[in-house]
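As structure tokens, the structure follows; a few thoughts come after it.
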Amino acid sequence: MTSVTLLKSAVDRVRSARPELADRLDLSSTQALRAVRDGFHARGAAGSDETLAVVVVGRLDLPRWVRETCAFALALAPEAREAWRRSFTRTVYLAGNPSNLRERFAFDHIAGDDSVAWAGPAPGAATATLRRLLKAFESAHELTARPPVTVSVPGRPTSRPPVHRDLYVATAKVTVTDALVHVNHLLAEAVLDGLIGPDDRLTLRFVPRLAGVGAQLAMLRVDTDVHRPDELQAYAGLTTEN
């Protein structure tokens with residue numbers, strides 16, 4: 001996986017989310033891309049109208065979280081999908097017990113075991129009270145490798161035939177919190193692009209780095225390399241159908 005491939009994937013994400021801006025931005029290098037991304041983040045933090053989703057995490061079971069994240073994204077109305085994509089599927093993670101909060105806040109999706117709940121995507125003002133009430137979800141220990149596990153994506157069946165894909169997740173020097181961020185972006189955008197649908201099966205495969213993965217990848221989640229800050233790294237990847 002070359003630096004050119006990683007940069008192209010990151011640039012394609014910008015073009016997909018904000019095509020009207022992409023041709024006016026300098027996306028020619030990792031440093032230029034980082035400046036563009038920082039600018040988007042700064043504008044988002046300054047305003048209350050940017051679309052974002054909020055996830056309240058009570059208990060984290062990664063396979064279940066993957067399944068429920070897909071269910072949340074699949075249930076979104078077209079207008080919400082478009083607005084969230086334009087804000088680069090921005091998501092805020094909070095620590096709390098959804099079962100203690102569901103009477104005070106209107107969540108848009110709650111896991112069957114009340115372990116995780118989602119609100120939005122909506123303008124930031126809609127979840128401001130919830131975000132002020134709870135602390136950020138933080139799990140600083142490194143994501144550990146584990147055996148592969150396959151999950152089925154829930155949702156109302158469509159005419160699209162279900163498929164099976166592998167979901168690769170990098171673990172080396174990647175914290176649990178960072179892994180959630182990267183995998184969330186990948187899953188949400190794969191759903192919005194139609195790569196993940198109801199009844200699909202996803203096999204989670206944990207590897208130190210994606211650099212040595214020989215599988216054909218349909219989508220990558222690329223961000224700054226935790227080992228080399230001036231370079232890019234693939235943190236998660238979704239394979240083509242298998």
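Each chain of the structure tokens is named A, B, ... in the order shown, its residues numbered from 1; ligands are numbered from 1 in display order.
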Considering only alpha helix (DSSP H) as DSSP defines it on the backbone, what residues of region 39-188 of chain A qualify? List them as JSON, numbers by chain. {"A": [39, 40, 41, 42, 43, 44, 45, 46, 62, 63, 64, 65, 66, 67, 68, 69, 70, 71, 72, 73, 74, 78, 79, 80, 81, 82, 83, 84, 85, 86, 98, 99, 100, 101, 128, 129, 130, 131, 132, 133, 176, 177, 178, 179, 180, 181, 182, 183, 184, 185, 186, 187, 188]}
Each region 88-198 of chain A residue no farther than 12 Å from region 225-228 of chain A, nearest pair in Å, only C-alpha atoms, as a Markdown table:
| residue | atom | partner | partner_atom | distance |
| --- | --- | --- | --- | --- |
| A:Ala170 | CA | A:Val226 | CA | 11.1 |
| A:Thr171 | CA | A:Val226 | CA | 11.0 |
| A:Ala172 | CA | A:Val226 | CA | 9.0 |
| A:Lys173 | CA | A:Val226 | CA | 7.0 |
| A:Val174 | CA | A:Val226 | CA | 7.7 |
| A:Thr175 | CA | A:Val226 | CA | 10.4 |
| A:Asp178 | CA | A:Val226 | CA | 10.5 |
For Val181 (chain A), find every residue with an atom within 10 Å (counting only C-alpha atoms), except residues of its own chain fewer than 6 positions away, and show them as a ChimeraX atom specification. /A:90-93,175,221,235
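Residues in contact range of Arg201 (chain A), defined as at most 6 Å between only C-alpha atoms, with sequence neighbours fewer than 3 positions away removed, read Val151, Ser152 and His164 of chain A.
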